[in-house]
Each structure stands twice: as C-alpha cells, then as structure tokens.
Amino acid sequence: MKARMKDGKTEDIRAVWFENGEVRMIDQRRLPLELTVVGFKDHREVAEAIRNMTTRGAPCIGASAAYAMCLAGLNGEDLDEAAAHIKAARPTAYDLFYATDWMYARLRNGEDPVKAADEYADTTVSKCRAIGRYGGALIEDGMKLMTHCNAGALATVDVGTALAPMRDAHDRGKKFFVYASETRPRLQGMQLTAWELNQEGIDHAIIPDGASAYYMSQGVDMIIVGADRIAANGDFANKIGTFDKAICAKRFGIPFYVAAPVSTFDFDTETGDGIVIEQRSETEMTQIGGMRIAPVGSRALNPAFDVTPAELVTGFITEKGIFRPSEISGMRE
Ligand code: MRU
C-alpha cells in the first residue's frame, strides 16, 4: 500500500512482513496519527499483537499467525504448543486457524519457515488482487459506495478485500465516492479505512455508524464489506454493525457484496449460529483516550462482530470469482 512516511516521501509498505530475523508490522493502533513499525522475535509476542490489535483484519491476522509460526519454527519451539497458543489469540477470524494449520503442515514437512510464511503472505496479496479485478468490474463512474470497518491493505497484508475493488477501479481511472462508517468503538473505519483512501486519493467521507440508513435513503449504489468468517451456508461474521447495514441495504434495494478470500470460508461450520463472536472489554466502550466518558456504575456490552444471514448477501467477491450464497459450497478447496 502507498504510505506517506515521516520524511514526506511515499513508500510501498505491507501491514506485516519478515525482515532481519524478526516479524515486522505496522502498529495499527497508532494510525492515523503515526506510522510506527514494531518488530517481534518470539511467536508469543506476535500472538499478543494479534490479541491487542496491533495487527488485525482477518487475512492479516492469518498472515501474522503464519509469521508467528515461522518464528516458532526458527526458534525450535514445540509446534503443537505454539499453534495452540497462536490460535487462542482471537476467536472469530477463520484465517487465524487456516493460516496456523497451513504453516504447521509446512513446518512438519521440513520446509523453510521464512519461505513458507512469505509464500502465505504473498498468496494472500495475489488473492486480494484477483478480488480487486472481479469486484472492480462492478464499479462504474459516478457510483456512491459504502463500506464498514477496515477491509483494506492494513487488514490483508496489502491491497485489501472490500477496498480491493475500489483500488482496482481507481487505478483504471474510474471516479466514484465512498462512505466509510467510523466503526465504534475501535474506529477502524475512521482511523484506518479513511487513512488508506486518503493515501490512494480516493474521494470519500467518514460518516457516523448511525448515519448509514440516512445516506442509503439518499442514494448509495453498492455496499462492499469484508468478512471474518463465512459459514458453509453463506451466513457471515464481520465487524459489529455490518448486519444493520445489510438489513438497510435490503430495505433500499442496494446490492450488498462481501469481499473475502477462500481462506475466510469455514466449510465445517454449517450456519452463522456456529460462529463464535468475540466479546471485547467494556473499557473500549466506556473510555475515550483513557478517560471514562460513561456513567460510573453503567455496564457496557462490546461484541466485536455480528452475523449477517446469507439471504441478505448479493454476492461473495472471491479470488475465484463472484458467487451467490447458494453457489459457495462448490468453492471448497
Ligand atoms: O476487529 P478487527 O479490526 O480485526 O475486525 C476487522 C473486520 O471486521 C474486517 O471487516 C474483516 O476482518 C475483514 S478484513 C479484510
């Protein structure tokens, strides 16, 4: 992804990579104020970075897990213990489990840890490019699009899932506008998606989460979101607030697309009822910048994701093409 560095120069940077014996990643908690890179030499530190959301977004969590397994391999750690520890970092994103198992098999096969993890990350980026080509063809000049949370390069190593079609269409010279909902409480839409759209020069505005229905009533042509886990029947988990958008899109007859690589599809989970939803801390809700803004004595509930039923999805934009919910069982690898 393009990123303006401290010296004002624009560089191409990934969200996570391996360099000089360590796993490096952008500290996504500090954007958009600072572009800070942190490095780790122990798989437990990378697992903690997934847990505390230094790195985040399903495919990027997957690549970070692959690099964590790479460190475990390089450091001669017990691979079963390392894999169990890494998988415990967050419960919802399927890529975490997919990538850890993928790397486990490669390491057990005696493959070079760095080459294998780099291959995982590179493949993730190629899949995102393909998602961009398929989804980009849906975008026409003058369209108004809407997205939620951050399913951009930061969430996928590079390029993005929901933002990949926008990058592709922008690179082809198409002119369109994006509503990016802020995404309470962690503000991934405001702090990360808007940062990426800014770096790319894509016309956009941040809106409050509660303004989605209002703007849809004024005219939105297409909604594209990412996914953390897609069940075999097409029900999918994504950032809390996605379900509301899908219901509103149905009300206004707006096409609602989910962009995700096949590594996000959990074919062993039949429906959305089987997806574990992460509950995060109350303080993410009750505090801003470390200061309590809610009444002392009030509890807060903070589910990180919701499940949108397949019937509200127009199509899944994947690296293999665009599929209706009824068609996804044929994608199983
Ligand atoms: O809690 P996060 O920031 O990891 O949640 C991210 C999302 O919900 C994204 O929409 C999803 O992971 C898809 S990322 C391409």
# chains A, B, ... in the order shown; residues from 1 in each chain; ligands from 1
call {"tool": "residues_around", "arguments": {"residues": "Asp112 in chain A", "least_positions_apart": "5", "cutoff": "12 Å", "atoms": "only C-alpha atoms", "output": "number ranges by chain"}}
result
A: 67, 69-74, 103-107, 117-119
call {"tool": "write_last_selection", "arguments": {"atoms": "all heavy atoms", "output": "compact mmCIF listing (two decimals), in the first residue's frame"}}
result
# COMPACT_ATOMS: atom_id res chain seq x y z
N TYR A 67 3.46 -15.87 10.20
CA TYR A 67 4.79 -15.40 10.61
C TYR A 67 5.10 -15.79 12.06
O TYR A 67 6.25 -16.03 12.41
CB TYR A 67 4.89 -13.89 10.41
CG TYR A 67 5.13 -13.50 8.96
CD1 TYR A 67 4.25 -12.68 8.27
CD2 TYR A 67 6.27 -13.96 8.29
CE1 TYR A 67 4.47 -12.33 6.95
CE2 TYR A 67 6.49 -13.62 6.96
CZ TYR A 67 5.59 -12.81 6.30
OH TYR A 67 5.84 -12.47 4.99
N MET A 69 4.12 -18.59 13.46
CA MET A 69 4.54 -19.98 13.34
C MET A 69 5.96 -20.07 12.76
O MET A 69 6.73 -20.95 13.13
CB MET A 69 3.57 -20.75 12.45
CG MET A 69 2.25 -21.09 13.11
SD MET A 69 2.41 -22.19 14.54
CE MET A 69 2.75 -23.78 13.76
N CYS A 70 6.27 -19.14 11.87
CA CYS A 70 7.62 -19.08 11.29
C CYS A 70 8.65 -18.87 12.41
O CYS A 70 9.67 -19.56 12.48
CB CYS A 70 7.65 -17.96 10.25
SG CYS A 70 9.25 -17.33 9.82
N LEU A 71 8.36 -17.95 13.33
CA LEU A 71 9.27 -17.70 14.46
C LEU A 71 9.38 -18.94 15.34
O LEU A 71 10.48 -19.30 15.78
CB LEU A 71 8.78 -16.52 15.30
CG LEU A 71 8.92 -15.12 14.70
CD1 LEU A 71 8.31 -14.08 15.64
CD2 LEU A 71 10.39 -14.79 14.42
N ALA A 72 8.25 -19.59 15.57
CA ALA A 72 8.26 -20.80 16.40
C ALA A 72 9.17 -21.86 15.76
O ALA A 72 9.96 -22.51 16.44
CB ALA A 72 6.84 -21.34 16.57
N GLY A 73 9.07 -21.96 14.41
CA GLY A 73 9.92 -22.92 13.69
C GLY A 73 11.39 -22.53 13.79
O GLY A 73 12.25 -23.36 14.10
N LEU A 74 11.70 -21.27 13.57
CA LEU A 74 13.09 -20.81 13.61
C LEU A 74 13.68 -20.97 15.00
O LEU A 74 14.87 -21.27 15.16
CB LEU A 74 13.17 -19.32 13.22
CG LEU A 74 12.87 -18.95 11.76
CD1 LEU A 74 12.85 -17.44 11.58
CD2 LEU A 74 13.91 -19.59 10.82
N MET A 103 0.66 -23.38 8.05
CA MET A 103 2.09 -23.29 8.39
C MET A 103 2.54 -24.51 9.17
O MET A 103 3.67 -25.00 8.99
CB MET A 103 2.34 -22.04 9.24
CG MET A 103 2.66 -20.80 8.47
SD MET A 103 4.13 -20.91 7.41
CE MET A 103 5.46 -20.79 8.59
N TYR A 104 1.69 -25.02 10.06
CA TYR A 104 2.03 -26.21 10.85
C TYR A 104 2.40 -27.35 9.91
O TYR A 104 3.42 -28.01 10.07
CB TYR A 104 0.83 -26.57 11.74
CG TYR A 104 1.05 -27.77 12.61
CD1 TYR A 104 1.56 -27.64 13.91
CD2 TYR A 104 0.75 -29.06 12.16
CE1 TYR A 104 1.76 -28.75 14.71
CE2 TYR A 104 0.96 -30.17 12.95
CZ TYR A 104 1.46 -30.01 14.23
OH TYR A 104 1.66 -31.11 15.01
N ALA A 105 1.55 -27.56 8.89
CA ALA A 105 1.79 -28.65 7.93
C ALA A 105 3.10 -28.42 7.18
O ALA A 105 3.89 -29.35 6.97
CB ALA A 105 0.61 -28.75 6.96
N ARG A 106 3.36 -27.17 6.79
CA ARG A 106 4.61 -26.86 6.05
C ARG A 106 5.84 -27.12 6.92
O ARG A 106 6.84 -27.66 6.46
CB ARG A 106 4.63 -25.39 5.60
CG ARG A 106 3.54 -25.02 4.61
CD ARG A 106 3.77 -25.77 3.31
NE ARG A 106 2.66 -25.61 2.41
CZ ARG A 106 2.74 -25.01 1.22
NH1 ARG A 106 3.87 -24.52 0.79
NH2 ARG A 106 1.69 -24.94 0.46
N LEU A 107 5.77 -26.70 8.18
CA LEU A 107 6.92 -26.85 9.08
C LEU A 107 7.16 -28.33 9.39
O LEU A 107 8.31 -28.78 9.41
CB LEU A 107 6.71 -26.04 10.37
CG LEU A 107 6.67 -24.51 10.19
CD1 LEU A 107 6.30 -23.82 11.50
CD2 LEU A 107 8.00 -23.98 9.67
N ALA A 117 6.24 -18.82 5.21
CA ALA A 117 5.39 -17.71 5.69
C ALA A 117 5.31 -16.61 4.63
O ALA A 117 4.24 -16.02 4.41
CB ALA A 117 5.92 -17.16 7.01
N ASP A 118 6.44 -16.33 3.96
CA ASP A 118 6.41 -15.33 2.88
C ASP A 118 5.46 -15.78 1.77
O ASP A 118 4.72 -14.97 1.20
CB ASP A 118 7.81 -15.12 2.29
CG ASP A 118 8.65 -14.16 3.12
OD1 ASP A 118 8.09 -13.45 3.99
OD2 ASP A 118 9.88 -14.13 2.93
N GLU A 119 5.48 -17.09 1.49
CA GLU A 119 4.58 -17.60 0.43
C GLU A 119 3.12 -17.38 0.86
O GLU A 119 2.29 -16.97 0.04
CB GLU A 119 4.85 -19.10 0.22
CG GLU A 119 4.02 -19.68 -0.92
CD GLU A 119 4.08 -21.21 -0.96
OE1 GLU A 119 5.14 -21.80 -0.63
OE2 GLU A 119 3.04 -21.81 -1.30
call {"tool": "select_by_dssp", "arguments": {"residues": "range 147-326 of chain A", "states": "alpha helix (DSSP H)", "output": "count of residues only"}}
result
40
call {"tool": "residues_near_ligand", "arguments": {"ligand": "ligand 1", "cutoff": "8 Å", "atoms": "only C-alpha atoms and all ligand atoms", "output": "MDAnalysis selection string"}}
result
chainID A and resid 53 55:61 93 148:153 155:156 160:162 186 188 225:228 237:240 259:260 304:305
call {"tool": "select_by_dssp", "arguments": {"residues": "range 110-231 of chain A", "states": "strand (DSSP E or B)", "output": "PDB file with C-alpha atoms, in the first residue's frame"}}
result
ATOM      1  CA  LYS A 144     -21.597   6.045  -4.462  1.00  0.00           C
ATOM      2  CA  LEU A 145     -20.234   3.134  -2.430  1.00  0.00           C
ATOM      3  CA  MET A 146     -20.354   2.339   1.250  1.00  0.00           C
ATOM      4  CA  THR A 147     -18.063   0.199   3.411  1.00  0.00           C
ATOM      5  CA  HIS A 148     -17.722  -0.585   7.102  1.00  0.00           C
ATOM      6  CA  PHE A 177     -17.290   8.191  -3.896  1.00  0.00           C
ATOM      7  CA  VAL A 178     -17.020   6.101  -0.716  1.00  0.00           C
ATOM      8  CA  TYR A 179     -18.927   6.467   2.564  1.00  0.00           C
ATOM      9  CA  ALA A 180     -16.714   4.965   5.320  1.00  0.00           C
ATOM     10  CA  SER A 181     -18.580   4.384   8.566  1.00  0.00           C
ATOM     11  CA  HIS A 204     -14.588   9.649   0.487  1.00  0.00           C
ATOM     12  CA  ALA A 205     -16.211  10.865   3.679  1.00  0.00           C
ATOM     13  CA  ILE A 206     -16.344   9.387   7.168  1.00  0.00           C
ATOM     14  CA  ILE A 207     -19.889   9.011   8.498  1.00  0.00           C
ATOM     15  CA  MET A 222     -23.385  -0.581  -3.738  1.00  0.00           C
ATOM     16  CA  ILE A 223     -22.099  -1.726  -0.362  1.00  0.00           C
ATOM     17  CA  ILE A 224     -18.912  -3.788  -0.069  1.00  0.00           C
ATOM     18  CA  VAL A 225     -17.715  -5.169   3.269  1.00  0.00           C
ATOM     19  CA  ARG A 229     -15.687 -15.961   8.884  1.00  0.00           C
ATOM     20  CA  ILE A 230     -18.169 -17.248   6.322  1.00  0.00           C
ATOM     21  CA  ALA A 231     -20.185 -20.362   7.202  1.00  0.00           C
TER      22      ALA A 231
END
call {"tool": "closest_residue", "arguments": {"among": "A:Ala194, A:Met143, A:Ile275, A:Ala164", "to": "Val258 in chain A", "atoms": "only C-alpha atoms"}}
result
A:Ala164
call {"tool": "atom_distance", "arguments": {"atom1": "CA of Arg90 in chain A", "atom2": "CA of Asp235 in chain A"}}
result
19.6 Å
call {"tool": "closest_residue", "arguments": {"among": "A:Asp273, A:Gln28, A:Gly315, A:Pro185", "to": "Gln287 in chain A", "atoms": "only C-alpha atoms"}}
result
A:Pro185
call {"tool": "residues_around", "arguments": {"residues": "Glu333 in chain A", "least_positions_apart": "5", "cutoff": "12 Å", "atoms": "only C-alpha atoms", "output": "MDAnalysis selection string"}}
result
chainID A and resid 261:267 320 328
call {"tool": "write_last_selection", "arguments": {"atoms": "N, CA and C atoms", "output": "PDB file, in the first residue's frame"}}
result
ATOM      1  N   PRO A 261     -11.204 -13.701   0.702  1.00  0.00           N
ATOM      2  CA  PRO A 261     -10.537 -14.844   0.066  1.00  0.00           C
ATOM      3  C   PRO A 261     -11.157 -16.153   0.555  1.00  0.00           C
ATOM      4  N   VAL A 262     -10.881 -17.237  -0.158  1.00  0.00           N
ATOM      5  CA  VAL A 262     -11.464 -18.527   0.215  1.00  0.00           C
ATOM      6  C   VAL A 262     -10.997 -18.961   1.618  1.00  0.00           C
ATOM      7  N   SER A 263      -9.843 -18.432   2.069  1.00  0.00           N
ATOM      8  CA  SER A 263      -9.335 -18.781   3.414  1.00  0.00           C
ATOM      9  C   SER A 263     -10.235 -18.274   4.536  1.00  0.00           C
ATOM     10  N   THR A 264     -11.209 -17.423   4.206  1.00  0.00           N
ATOM     11  CA  THR A 264     -12.136 -16.914   5.231  1.00  0.00           C
ATOM     12  C   THR A 264     -13.393 -17.788   5.322  1.00  0.00           C
ATOM     13  N   PHE A 265     -13.545 -18.720   4.358  1.00  0.00           N
ATOM     14  CA  PHE A 265     -14.731 -19.595   4.361  1.00  0.00           C
ATOM     15  C   PHE A 265     -14.481 -20.792   5.264  1.00  0.00           C
ATOM     16  N   ASP A 266     -15.353 -20.986   6.233  1.00  0.00           N
ATOM     17  CA  ASP A 266     -15.250 -22.107   7.167  1.00  0.00           C
ATOM     18  C   ASP A 266     -16.336 -23.107   6.775  1.00  0.00           C
ATOM     19  N   PHE A 267     -15.952 -24.061   5.901  1.00  0.00           N
ATOM     20  CA  PHE A 267     -16.955 -25.001   5.368  1.00  0.00           C
ATOM     21  C   PHE A 267     -17.394 -26.028   6.407  1.00  0.00           C
ATOM     22  N   LYS A 320     -11.705 -16.412  -6.756  1.00  0.00           N
ATOM     23  CA  LYS A 320     -12.141 -17.360  -7.795  1.00  0.00           C
ATOM     24  C   LYS A 320     -13.322 -16.842  -8.591  1.00  0.00           C
ATOM     25  N   ILE A 328     -21.733 -21.244  -2.959  1.00  0.00           N
ATOM     26  CA  ILE A 328     -20.393 -21.264  -2.358  1.00  0.00           C
ATOM     27  C   ILE A 328     -19.881 -22.663  -1.990  1.00  0.00           C
TER      28      ILE A 328
END
call {"tool": "closest_residue", "arguments": {"among": "A:Glu22, A:Glu327, A:Asp209, A:Glu200", "to": "Leu187 in chain A", "atoms": "only C-alpha atoms"}}
result
A:Asp209
